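Everything below belongs to start.csv, which stores CSV, C-alpha atoms and all ligand atoms.
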```csv
chain,number,residue,atom,x,y,z
A,1,MET,CA,-14.0,16.2,-21.3
A,2,GLU,CA,-11.3,16.1,-18.7
A,3,LYS,CA,-8.7,13.4,-18.3
A,4,PRO,CA,-10.2,10.6,-16.2
A,5,VAL,CA,-9.0,10.5,-12.6
A,6,VAL,CA,-9.8,6.8,-12.2
A,7,LYS,CA,-10.6,4.1,-14.7
A,8,ARG,CA,-13.4,2.3,-13.0
A,9,LEU,CA,-15.7,3.9,-10.4
A,10,ALA,CA,-18.3,1.9,-8.4
A,11,LEU,CA,-21.2,3.7,-6.9
A,12,ILE,CA,-23.0,1.8,-4.2
A,13,GLY,CA,-26.3,3.5,-3.7
A,14,ILE,CA,-27.7,5.7,-6.4
A,15,GLY,CA,-30.0,8.2,-4.7
A,16,LEU,CA,-29.6,12.0,-4.7
A,17,ILE,CA,-25.8,11.9,-4.0
A,18,GLY,CA,-24.9,8.8,-5.9
A,19,SER,CA,-26.9,9.8,-9.0
A,20,SER,CA,-25.4,13.4,-8.9
A,21,LEU,CA,-21.9,11.8,-8.8
A,22,ALA,CA,-22.8,9.5,-11.7
A,23,ARG,CA,-24.1,12.4,-13.7
A,24,VAL,CA,-21.1,14.7,-13.1
A,25,THR,CA,-18.6,11.8,-13.6
A,26,LYS,CA,-20.2,11.1,-17.0
A,27,GLN,CA,-20.6,14.7,-18.1
A,28,ARG,CA,-17.0,15.7,-17.2
A,29,GLY,CA,-15.3,12.4,-17.9
A,30,VAL,CA,-13.9,12.0,-14.4
A,31,ALA,CA,-14.0,8.1,-14.7
A,32,ASP,CA,-13.9,5.8,-17.7
A,33,HIS,CA,-16.5,3.3,-16.4
A,34,ILE,CA,-19.2,3.8,-13.8
A,35,ALA,CA,-20.5,0.6,-12.2
A,36,ILE,CA,-23.8,1.1,-10.3
A,37,SER,CA,-25.5,-0.9,-7.6
A,38,SER,CA,-28.5,-0.2,-5.5
A,39,ARG,CA,-30.3,-2.3,-2.9
A,40,SER,CA,-33.7,-2.5,-4.7
A,41,ALA,CA,-34.4,-3.6,-8.2
A,42,GLU,CA,-36.7,-0.6,-8.6
A,43,THR,CA,-34.0,2.0,-8.0
A,44,LEU,CA,-31.4,0.0,-10.1
A,45,ASP,CA,-33.9,-0.2,-13.0
A,46,ARG,CA,-34.5,3.6,-12.7
A,47,ALA,CA,-30.8,4.3,-12.8
A,48,ARG,CA,-30.6,2.2,-16.0
A,49,GLU,CA,-33.5,4.0,-17.6
A,50,LEU,CA,-31.8,7.3,-16.7
A,51,GLN,CA,-28.5,5.9,-18.2
A,52,LEU,CA,-26.6,7.0,-15.2
A,53,GLY,CA,-23.8,4.5,-15.6
A,54,ASP,CA,-22.1,1.9,-17.8
A,55,SER,CA,-22.9,-1.3,-15.9
A,56,TYR,CA,-25.6,-2.1,-13.4
A,57,HIS,CA,-25.3,-4.8,-10.7
A,58,ALA,CA,-27.9,-6.2,-8.3
A,59,SER,CA,-24.9,-7.2,-6.0
A,60,ALA,CA,-22.8,-4.5,-4.5
A,61,ALA,CA,-19.8,-6.8,-4.5
A,62,ASP,CA,-20.2,-7.4,-8.2
A,63,ALA,CA,-20.1,-3.7,-8.9
A,64,CYS,CA,-16.9,-3.4,-6.9
A,65,LYS,CA,-14.9,-6.0,-8.9
A,66,ASP,CA,-11.9,-4.3,-10.5
A,67,ALA,CA,-13.0,-0.9,-9.3
A,68,ASP,CA,-10.2,1.6,-8.6
A,69,LEU,CA,-12.6,3.8,-6.6
A,70,VAL,CA,-15.7,2.7,-4.7
A,71,ILE,CA,-17.9,5.4,-3.2
A,72,VAL,CA,-20.6,4.2,-0.8
A,73,CYS,CA,-23.6,6.5,-1.1
A,74,VAL,CA,-26.2,4.9,1.4
A,75,PRO,CA,-27.6,6.2,4.7
A,76,VAL,CA,-24.9,6.2,7.3
A,77,GLY,CA,-26.6,3.5,9.4
A,78,ALA,CA,-26.2,1.1,6.5
A,79,SER,CA,-22.5,1.8,5.7
A,80,GLY,CA,-21.0,-0.9,7.9
A,81,ALA,CA,-23.2,-3.7,6.4
A,82,VAL,CA,-22.3,-2.4,2.9
A,83,ALA,CA,-18.5,-2.4,3.7
A,84,ARG,CA,-18.9,-6.1,4.9
A,85,GLU,CA,-20.6,-7.1,1.7
A,86,ILE,CA,-18.1,-5.4,-0.7
A,87,ALA,CA,-14.9,-6.3,1.2
A,88,PRO,CA,-14.2,-9.7,-0.5
A,89,ALA,CA,-14.6,-8.2,-3.9
A,90,LEU,CA,-12.1,-5.3,-3.6
A,91,LYS,CA,-9.0,-5.4,-5.6
A,92,PRO,CA,-5.6,-4.6,-3.8
A,93,GLY,CA,-5.0,-0.9,-3.9
A,94,ALA,CA,-8.7,0.0,-4.4
A,95,ILE,CA,-9.8,3.3,-2.8
A,96,VAL,CA,-13.0,3.0,-0.7
A,97,SER,CA,-14.8,6.1,0.3
A,98,ASP,CA,-18.3,7.3,1.3
A,99,VAL,CA,-20.4,10.4,1.4
A,100,GLY,CA,-22.0,10.1,4.8
A,101,SER,CA,-23.0,13.2,6.7
A,102,VAL,CA,-21.4,11.8,9.9
A,103,LYS,CA,-17.9,10.6,10.0
A,104,ALA,CA,-16.6,9.1,13.3
A,105,GLU,CA,-19.3,6.5,13.6
A,106,VAL,CA,-19.1,5.6,9.9
A,107,VAL,CA,-15.4,5.1,10.2
A,108,ALA,CA,-16.0,2.9,13.2
A,109,ALA,CA,-18.6,0.9,11.3
A,110,MET,CA,-16.7,0.6,8.0
A,111,ALA,CA,-13.0,0.4,8.7
A,112,PRO,CA,-13.0,-2.9,10.6
A,113,GLU,CA,-14.8,-4.6,7.7
A,114,LEU,CA,-12.4,-3.5,5.0
A,115,PRO,CA,-9.2,-5.4,4.0
A,116,GLU,CA,-5.9,-3.8,4.7
A,117,THR,CA,-5.1,-3.9,1.0
A,118,ALA,CA,-7.7,-1.3,0.4
A,119,HIS,CA,-7.3,2.4,1.1
A,120,PHE,CA,-10.3,3.7,3.2
A,121,ILE,CA,-10.6,7.5,2.8
A,122,PRO,CA,-14.0,8.8,4.2
A,123,ALA,CA,-15.5,11.9,2.7
A,124,HIS,CA,-18.5,14.2,3.0
A,125,PRO,CA,-19.7,16.5,0.2
A,126,VAL,CA,-21.4,19.4,2.0
A,127,ALA,CA,-24.0,19.8,-0.7
A,128,GLY,CA,-27.5,18.5,-1.0
A,129,THR,CA,-31.2,19.1,-1.3
A,130,GLU,CA,-34.4,17.9,0.5
A,131,HIS,CA,-35.1,15.4,-2.4
A,132,SER,CA,-34.1,11.8,-2.6
A,133,GLY,CA,-33.7,9.0,-5.2
A,134,PRO,CA,-32.0,8.7,-8.6
A,135,ASP,CA,-34.3,11.3,-10.3
A,136,ALA,CA,-33.3,13.9,-7.7
A,137,GLY,CA,-29.7,14.2,-8.7
A,138,PHE,CA,-28.0,16.7,-11.0
A,139,ALA,CA,-24.5,17.2,-12.3
A,140,GLU,CA,-24.0,20.7,-10.8
A,141,LEU,CA,-24.8,19.7,-7.2
A,142,PHE,CA,-21.1,19.8,-6.1
A,143,ASP,CA,-20.1,22.9,-8.0
A,144,ASN,CA,-18.2,25.3,-5.7
A,145,ARG,CA,-19.4,23.3,-2.6
A,146,TRP,CA,-17.0,21.9,-0.1
A,147,CYS,CA,-16.1,18.3,0.1
A,148,ILE,CA,-14.5,17.3,3.4
A,149,LEU,CA,-12.0,14.4,3.5
A,150,THR,CA,-11.3,12.8,6.8
A,151,PRO,CA,-8.3,10.5,6.1
A,152,PRO,CA,-7.4,8.3,9.1
A,153,GLU,CA,-3.9,8.7,10.5
A,154,GLY,CA,-1.3,7.1,8.3
A,155,ALA,CA,-3.6,7.1,5.2
A,156,ASP,CA,-1.9,6.6,1.9
A,157,ARG,CA,-1.1,10.1,0.5
A,158,GLU,CA,-1.5,9.0,-3.1
A,159,ALA,CA,-4.9,7.6,-2.4
A,160,VAL,CA,-6.0,10.8,-0.6
A,161,ASP,CA,-4.7,12.9,-3.6
A,162,THR,CA,-6.6,10.7,-6.1
A,163,LEU,CA,-9.8,11.0,-4.1
A,164,ALA,CA,-9.3,14.8,-3.8
A,165,ALA,CA,-8.7,15.0,-7.6
A,166,PHE,CA,-11.9,13.0,-8.2
A,167,TRP,CA,-14.0,15.5,-6.1
A,168,ARG,CA,-12.2,18.4,-7.7
A,169,GLY,CA,-13.2,17.0,-11.1
A,170,ALA,CA,-16.8,16.8,-9.8
A,171,GLY,CA,-16.7,20.6,-9.1
A,172,SER,CA,-15.9,20.6,-5.3
A,173,ASN,CA,-13.5,22.6,-3.2
A,174,LEU,CA,-11.5,20.3,-0.9
A,175,GLU,CA,-10.8,20.5,2.9
A,176,GLU,CA,-9.3,17.9,5.2
A,177,MET,CA,-10.0,17.5,8.9
A,178,ASP,CA,-10.3,14.7,11.4
A,179,ALA,CA,-13.5,12.8,11.7
A,180,THR,CA,-14.5,14.0,15.2
A,181,HIS,CA,-13.9,17.6,14.4
A,182,HIS,CA,-16.0,17.2,11.2
A,183,ASP,CA,-18.9,15.9,13.3
A,184,LEU,CA,-18.7,18.9,15.7
A,185,VAL,CA,-18.6,21.4,12.8
A,186,LEU,CA,-21.5,19.7,11.0
A,187,ALA,CA,-23.5,19.4,14.1
A,188,ILE,CA,-23.8,23.2,14.3
A,189,THR,CA,-23.8,24.0,10.5
A,190,SER,CA,-26.2,21.2,9.4
A,191,HIS,CA,-27.6,18.9,12.0
A,192,ILE,CA,-28.9,21.4,14.5
A,193,PRO,CA,-30.6,23.6,11.8
A,194,HIS,CA,-32.4,20.5,10.5
A,195,LEU,CA,-33.5,19.5,14.0
A,196,VAL,CA,-34.7,23.0,14.7
A,197,ALA,CA,-36.7,23.0,11.5
A,198,TYR,CA,-38.1,19.5,12.3
A,199,SER,CA,-39.1,20.8,15.7
A,200,ILE,CA,-40.7,24.0,14.5
A,201,CYS,CA,-42.7,22.2,11.9
A,202,GLY,CA,-43.8,19.6,14.5
A,203,THR,CA,-44.8,22.4,16.9
A,204,ALA,CA,-46.9,24.1,14.2
A,205,ALA,CA,-48.5,20.8,13.3
A,206,ASP,CA,-49.5,20.2,16.9
A,207,MET,CA,-51.1,23.7,17.4
A,208,GLU,CA,-54.7,23.7,18.5
A,209,THR,CA,-55.4,27.4,18.9
A,210,VAL,CA,-54.0,28.2,15.4
A,211,THR,CA,-55.4,26.0,12.7
A,212,GLN,CA,-53.3,23.9,10.2
A,213,SER,CA,-54.9,25.9,7.3
A,214,GLU,CA,-53.8,29.2,8.9
A,215,VAL,CA,-50.2,27.8,9.3
A,216,ILE,CA,-50.1,26.9,5.6
A,217,LYS,CA,-51.9,30.1,4.4
A,218,PHE,CA,-49.6,32.5,6.3
A,219,SER,CA,-46.4,30.4,6.0
A,220,ALA,CA,-44.6,33.2,3.9
A,221,GLY,CA,-44.1,35.0,7.2
A,222,GLY,CA,-41.0,32.7,7.8
A,223,PHE,CA,-42.4,29.3,8.5
A,224,ARG,CA,-42.0,28.0,5.0
A,225,ASP,CA,-38.2,28.6,5.0
A,226,PHE,CA,-38.0,26.0,7.7
A,227,THR,CA,-40.2,23.5,5.8
A,228,ARG,CA,-37.5,22.9,3.1
A,229,LEU,CA,-35.1,21.5,5.7
A,230,ALA,CA,-37.9,19.7,7.5
A,231,ALA,CA,-38.9,17.9,4.2
A,232,SER,CA,-35.5,16.1,4.2
A,233,ASP,CA,-35.3,12.3,4.1
A,234,PRO,CA,-36.4,10.8,7.4
A,235,THR,CA,-34.1,7.7,7.1
A,236,MET,CA,-31.0,9.9,6.4
A,237,TRP,CA,-31.8,12.2,9.4
A,238,ARG,CA,-32.7,9.4,11.8
A,239,ASP,CA,-29.3,7.9,11.0
A,240,VAL,CA,-27.5,11.3,11.4
A,241,CYS,CA,-29.0,11.8,14.8
A,242,LEU,CA,-28.2,8.3,16.1
A,243,ASN,CA,-24.7,8.4,14.7
A,244,ASN,CA,-23.6,11.9,15.8
A,245,ARG,CA,-25.3,11.7,19.3
A,246,ASP,CA,-22.6,13.4,21.4
A,247,ALA,CA,-21.9,16.4,19.2
A,248,ILE,CA,-25.6,16.9,18.5
A,249,LEU,CA,-26.5,16.7,22.2
A,250,GLU,CA,-23.7,19.1,23.1
A,251,MET,CA,-24.8,21.7,20.4
A,252,LEU,CA,-28.5,21.2,21.4
A,253,ALA,CA,-27.6,22.1,25.0
A,254,ARG,CA,-25.9,25.3,23.9
A,255,PHE,CA,-28.8,26.1,21.6
A,256,ALA,CA,-31.3,25.6,24.5
A,257,GLU,CA,-29.3,28.0,26.7
A,258,ASP,CA,-29.2,30.6,24.0
A,259,ILE,CA,-33.0,30.3,23.4
A,260,SER,CA,-33.4,30.8,27.2
A,261,ALA,CA,-31.2,33.9,27.0
A,262,MET,CA,-33.4,35.2,24.2
A,263,GLN,CA,-36.5,34.5,26.3
A,264,ARG,CA,-35.1,36.5,29.1
A,265,MET,CA,-34.3,39.5,26.8
A,266,ILE,CA,-37.9,39.5,25.6
A,267,ARG,CA,-39.4,39.1,29.1
A,268,TRP,CA,-37.3,42.0,30.5
A,269,ASN,CA,-37.8,44.3,27.4
A,270,ASP,CA,-34.1,44.3,26.7
A,271,GLY,CA,-34.4,45.8,23.2
A,272,ASP,CA,-30.8,46.7,23.0
A,273,ALA,CA,-29.7,43.1,23.5
A,274,LEU,CA,-32.2,41.8,21.0
A,275,PHE,CA,-31.1,44.5,18.4
A,276,ASP,CA,-27.4,43.6,19.0
A,277,MET,CA,-28.0,40.0,18.5
A,278,PHE,CA,-30.1,40.4,15.3
A,279,THR,CA,-27.4,42.7,13.9
A,280,ARG,CA,-24.7,40.1,14.6
A,281,THR,CA,-26.7,37.3,12.9
A,282,ARG,CA,-27.4,39.4,9.9
A,283,ALA,CA,-23.7,39.7,9.3
A,284,ILE,CA,-23.4,35.9,9.2
A,285,ARG,CA,-25.7,35.7,6.1
A,286,ARG,CA,-23.6,38.4,4.5
A,287,SER,CA,-20.4,36.3,5.0
A,288,ILE,CA,-22.0,33.2,3.6
A,289,ILE,CA,-23.0,35.2,0.4
A,290,ASP,CA,-19.5,36.7,0.2
A,291,ALA,CA,-18.0,33.2,0.5
A,292,GLY,CA,-20.1,32.2,-2.6
A,293,GLN,CA,-22.1,29.6,-0.6
A,294,GLU,CA,-25.4,31.4,-1.2
A,295,ALA,CA,-26.8,33.6,-4.0
A,296,ASP,CA,-27.7,37.2,-3.0
A,297,VAL,CA,-31.2,37.1,-4.4
A,298,VAL,CA,-34.3,38.6,-2.7
A,299,ASP,CA,-36.6,36.2,-0.9
A,300,PHE,CA,-34.4,33.2,-1.9
A,301,GLY,CA,-35.1,33.8,-5.5
A,302,ARG,CA,-38.8,33.1,-5.3
A,303,PRO,CA,-40.8,34.5,-8.2
A,304,HIS,CA,-43.2,37.4,-7.4
A,305,GLY,CA,-45.9,39.2,-9.1
A,306,GLY,CA,-47.2,37.4,-12.2
A,307,ASP,CA,-44.9,34.4,-11.6
A,308,SER,CA,-46.4,33.3,-8.3
A,309,LEU,CA,-45.6,29.9,-6.9
A,310,PRO,CA,-48.0,27.1,-7.4
A,311,GLY,CA,-50.8,27.3,-4.8
A,312,GLU,CA,-50.0,31.0,-3.9
B,1,LIG,P1,-31.2,8.7,-1.1
B,1,LIG,O1,-31.5,9.6,-2.2
B,1,LIG,O2,-32.3,8.3,-0.2
B,1,LIG,O3,-30.5,7.3,-1.7
B,1,LIG,C1,-30.1,6.3,-0.8
B,1,LIG,C2,-29.5,5.2,-1.6
B,1,LIG,O4,-29.0,4.2,-0.6
B,1,LIG,C3,-30.4,4.4,-2.5
B,1,LIG,O5,-29.7,3.8,-3.6
B,1,LIG,C4,-30.9,3.3,-1.6
B,1,LIG,O6,-31.3,2.1,-2.3
B,1,LIG,C5,-29.7,3.0,-0.7
B,1,LIG,N1,-30.1,2.4,0.6
B,1,LIG,C6,-31.0,2.9,1.4
B,1,LIG,N2,-31.0,2.2,2.6
B,1,LIG,C7,-30.1,1.2,2.4
B,1,LIG,C8,-29.7,0.1,3.2
B,1,LIG,N3,-30.2,-0.1,4.4
B,1,LIG,N4,-28.7,-0.7,2.7
B,1,LIG,C9,-28.2,-0.5,1.5
B,1,LIG,N5,-28.6,0.5,0.7
B,1,LIG,C10,-29.5,1.4,1.1
B,1,LIG,O7,-30.0,9.2,-0.1
B,1,LIG,P2,-28.9,10.4,-0.4
B,1,LIG,O8,-29.6,11.7,-0.1
B,1,LIG,O9,-28.3,10.2,-1.7
B,1,LIG,O10,-27.9,10.1,0.9
B,1,LIG,C11,-26.9,9.2,0.8
B,1,LIG,C12,-25.8,9.5,1.7
B,1,LIG,O11,-25.3,10.8,1.4
B,1,LIG,C13,-26.2,9.5,3.2
B,1,LIG,O12,-25.2,8.9,4.0
B,1,LIG,C14,-26.3,11.0,3.6
B,1,LIG,O13,-25.9,11.2,4.9
B,1,LIG,C15,-25.2,11.6,2.6
B,1,LIG,N6,-25.5,13.0,2.2
B,1,LIG,C16,-26.7,13.4,1.9
B,1,LIG,C17,-26.9,14.7,1.6
B,1,LIG,C18,-28.3,15.2,1.2
B,1,LIG,O14,-28.6,16.4,1.2
B,1,LIG,N7,-29.3,14.3,0.9
B,1,LIG,C19,-25.9,15.6,1.5
B,1,LIG,C20,-24.6,15.1,1.8
B,1,LIG,C21,-24.4,13.8,2.2
B,1,LIG,P3,-32.7,1.7,-2.8
B,1,LIG,O15,-33.4,3.0,-3.3
B,1,LIG,O16,-32.4,0.7,-3.8
B,1,LIG,O17,-33.4,1.2,-1.6
```
Can the structure in the file be given as structure tokens, please?
Ligand code: NAP
Amino acid sequence: MEKPVVKRLALIGIGLIGSSLARVTKQRGVADHIAISSRSAETLDRARELQLGDSYHASAADACKDADLVIVCVPVGASGAVAREIAPALKPGAIVSDVGSVKAEVVAAMAPELPETAHFIPAHPVAGTEHSGPDAGFAELFDNRWCILTPPEGADREAVDTLAAFWRGAGSNLEEMDATHHDLVLAITSHIPHLVAYSICGTAADMETVTQSEVIKFSAGGFRDFTRLAASDPTMWRDVCLNNRDAILEMLARFAEDISAMQRMIRWNDGDALFDMFTRTRAIRRSIIDAGQEADVVDFGRPHGGDSLPGE
């Protein structure tokens, strides 16, 4: 058990990210008390059954009473309404944060709703899976993953340090940047890869000359690696697209240009250009493994031989 970073933590939203935070906070003693709220009675009941917290509240405002740190863990499109709801309950000096995958629009939606007596420090843990809900979380989700803080100009340093200490306690490495830069970086490292995966899966599903069953049967050729990303939560990704429009459109335009360039290389039999490009991209995976952000296991660690996957 570590020394608690805060006495009372409130988690508003208890899906994959909220429940992972609850689990790690409890396991490592990062807070003394975890107050949990979720929009639906069903999710809140499930959180209680899983014993994720110390108190459970149908009202988000009730969960925030006396909280030293409030972390809003809902889809980014809902963060403004949640900020409005909890604002009157926040004690002076409370730190309010979030985990949204987009930052500038979340800041624009939440900041005007919050009282000046609270410290608003947005954050984004760059860690996740394609699963949702309170059962999907696990305490190790943030281990050695980056958490990006985007403190607004003039943010209280002590509050930023407390939030950083909280995320460090949850296992994360910390980085700070401004919200707009965050959105540009994440557009290329997360948002575009998801959109490409959604698009490829959509194209495969619409095929007429290659049957659906063939797409599934021969998916180990590469297609199935896209399906993990394309299985991600539709609400979350709709909100990411609508709330990071400019950066995503900019990156999609570049991506479309690069795809056209590749089309030309193939059309003109430019094997050297293709080979150079594939060599460059292979090195990128190597750097991700070297940076400890991916395990160097063959075929993404999938079992082979006698241990075949269900359905294989
Ligand atoms: P999740 O598993 O789907 O859980 C969502 C939570 O938000 C649930 O408690 C849900 O409540 C609540 N919620 C949904 N819609 C709401 C609304 N309109 N108003 C109030 N509460 C609402 O989602 P998640 O994956 O944890 O994602 C939460 C946040 O983390 C998102 O902002 C996402 O961008 C960010 N994030 C996600 C990942 C990832 O890989 N999934 C990674 C990093 C950051 P009920 O179940 O009670 O309806």
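Remark: residues at most 10 Å from position (-27.3, -6.9, -3.2) in file coordinates are Ile12, Ser37, Ser38, Arg39, Ser40, Ala41, His57, Ala58, Ser59, Ala60, Ala61, Asp62, Ala63, Val82, Glu85 and Ile86 of chain A, using only C-alpha atoms.
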Do you have the CA of Ala139 in chain A-atom C19 of ligand LIG 1 (chain B) distance handy?
14.0 Å
Show me which residues line ligand LIG 1 (chain B), defined as having an atom within 8 Å of a ligand atom where only C-alpha atoms and all ligand atoms count, and present them as a PyMOL selection string.
chain A and resi 12-19+37-44+72-79+81-82+98-102+124-134+136+232-233+235-237+239-240
Requested write-out: C-alpha atoms of the selected residues, as a short mmCIF file (atom, residue, chain, number, x, y, z; two decimals), in the frame of the given file:
```
data_model
loop_
_atom_site.label_atom_id
_atom_site.label_comp_id
_atom_site.auth_asym_id
_atom_site.auth_seq_id
_atom_site.Cartn_x
_atom_site.Cartn_y
_atom_site.Cartn_z
CA ILE A 12 -23.00 1.80 -4.20
CA GLY A 13 -26.30 3.50 -3.70
CA ILE A 14 -27.70 5.70 -6.40
CA GLY A 15 -30.00 8.20 -4.70
CA LEU A 16 -29.60 12.00 -4.70
CA ILE A 17 -25.80 11.90 -4.00
CA GLY A 18 -24.90 8.80 -5.90
CA SER A 19 -26.90 9.80 -9.00
CA SER A 37 -25.50 -0.90 -7.60
CA SER A 38 -28.50 -0.20 -5.50
CA ARG A 39 -30.30 -2.30 -2.90
CA SER A 40 -33.70 -2.50 -4.70
CA ALA A 41 -34.40 -3.60 -8.20
CA GLU A 42 -36.70 -0.60 -8.60
CA THR A 43 -34.00 2.00 -8.00
CA LEU A 44 -31.40 0.00 -10.10
CA VAL A 72 -20.60 4.20 -0.80
CA CYS A 73 -23.60 6.50 -1.10
CA VAL A 74 -26.20 4.90 1.40
CA PRO A 75 -27.60 6.20 4.70
CA VAL A 76 -24.90 6.20 7.30
CA GLY A 77 -26.60 3.50 9.40
CA ALA A 78 -26.20 1.10 6.50
CA SER A 79 -22.50 1.80 5.70
CA ALA A 81 -23.20 -3.70 6.40
CA VAL A 82 -22.30 -2.40 2.90
CA ASP A 98 -18.30 7.30 1.30
CA VAL A 99 -20.40 10.40 1.40
CA GLY A 100 -22.00 10.10 4.80
CA SER A 101 -23.00 13.20 6.70
CA VAL A 102 -21.40 11.80 9.90
CA HIS A 124 -18.50 14.20 3.00
CA PRO A 125 -19.70 16.50 0.20
CA VAL A 126 -21.40 19.40 2.00
CA ALA A 127 -24.00 19.80 -0.70
CA GLY A 128 -27.50 18.50 -1.00
CA THR A 129 -31.20 19.10 -1.30
CA GLU A 130 -34.40 17.90 0.50
CA HIS A 131 -35.10 15.40 -2.40
CA SER A 132 -34.10 11.80 -2.60
CA GLY A 133 -33.70 9.00 -5.20
CA PRO A 134 -32.00 8.70 -8.60
CA ALA A 136 -33.30 13.90 -7.70
CA SER A 232 -35.50 16.10 4.20
CA ASP A 233 -35.30 12.30 4.10
CA THR A 235 -34.10 7.70 7.10
CA MET A 236 -31.00 9.90 6.40
CA TRP A 237 -31.80 12.20 9.40
CA ASP A 239 -29.30 7.90 11.00
CA VAL A 240 -27.50 11.30 11.40
#
```
Selected residue of minimal separation from Ala94 in chain A among A:Phe218, A:Trp268, A:Phe223, A:Phe120, counting all atoms listed in the file:
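Closest to Ala94 in chain A of all the choices is A:Phe120.
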So, with only C-alpha atoms as the atoms that count, which of A:Gly169, A:Pro122, A:Gly154, A:Gly137 lies closest to Glu105 in chain A?
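For Glu105 in chain A, the nearest of the candidates is A:Pro122.
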Between A:Ala273, A:Pro152, A:Arg285, A:Ile188, which one has atoms that come closest to Ala253 in chain A, using only C-alpha atoms?
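When distances to Ala253 in chain A are compared using only C-alpha atoms, the smallest one comes from A:Ile188.
Restricting the calculation to all atoms listed in the file, the smallest distance between Leu21 in chain A and any of A:Pro4, A:Gly171, A:Pro88, A:Pro115 is found for A:Gly171.
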Here's a test: counting all atoms listed in the file, identify every protein, DNA and RNA residue with an atom at most 10 Å from (-5.3, 14.0, -13.8) in the file's coordinate frame, and state them as a list of chain:residue names.
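Looking at atoms near the point gives A:Glu2, A:Lys3, A:Pro4, A:Val5, A:Val6, A:Val30, A:Thr162, A:Ala165, A:Phe166, A:Gly169.
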As an MDAnalysis selection string, please: the residues near Leu52 in chain A (cut-off 9 Å, all atoms listed in the file, same-chain neighbours under 4 positions excluded).
chainID A and resid 14 19 22:23 26 34 36 46:48 134
Straight-line distance linking CA of Ser260 in chain A with CA of Phe278 in chain A, stated in Å to one decimal:
15.6 Å
When you count all atoms listed in the file, which of these residues is closest to Leu229 in chain A: A:Met110, A:Ile192, A:Ala256, A:Leu249?
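The shortest atom-to-atom distance to Leu229 in chain A comes from A:Ile192.
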So, counting all atoms listed in the file, which residue among A:Glu257, A:Asp299, A:Asp246, A:Glu294 is closest to His181 in chain A?
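Among the listed residues, A:Asp246 lies closest to His181 in chain A.
Distance-wise, CA of Ala170 in chain A and CA of Leu141 in chain A end up 8.9 Å apart.
Near Ile200 in chain A, within 10 Å and counting only C-alpha atoms, sit A:His194, A:Asp206, A:Phe223, A:Phe226, A:Thr227, A:Ala230, not including residues fewer than 6 positions from it in the same chain.
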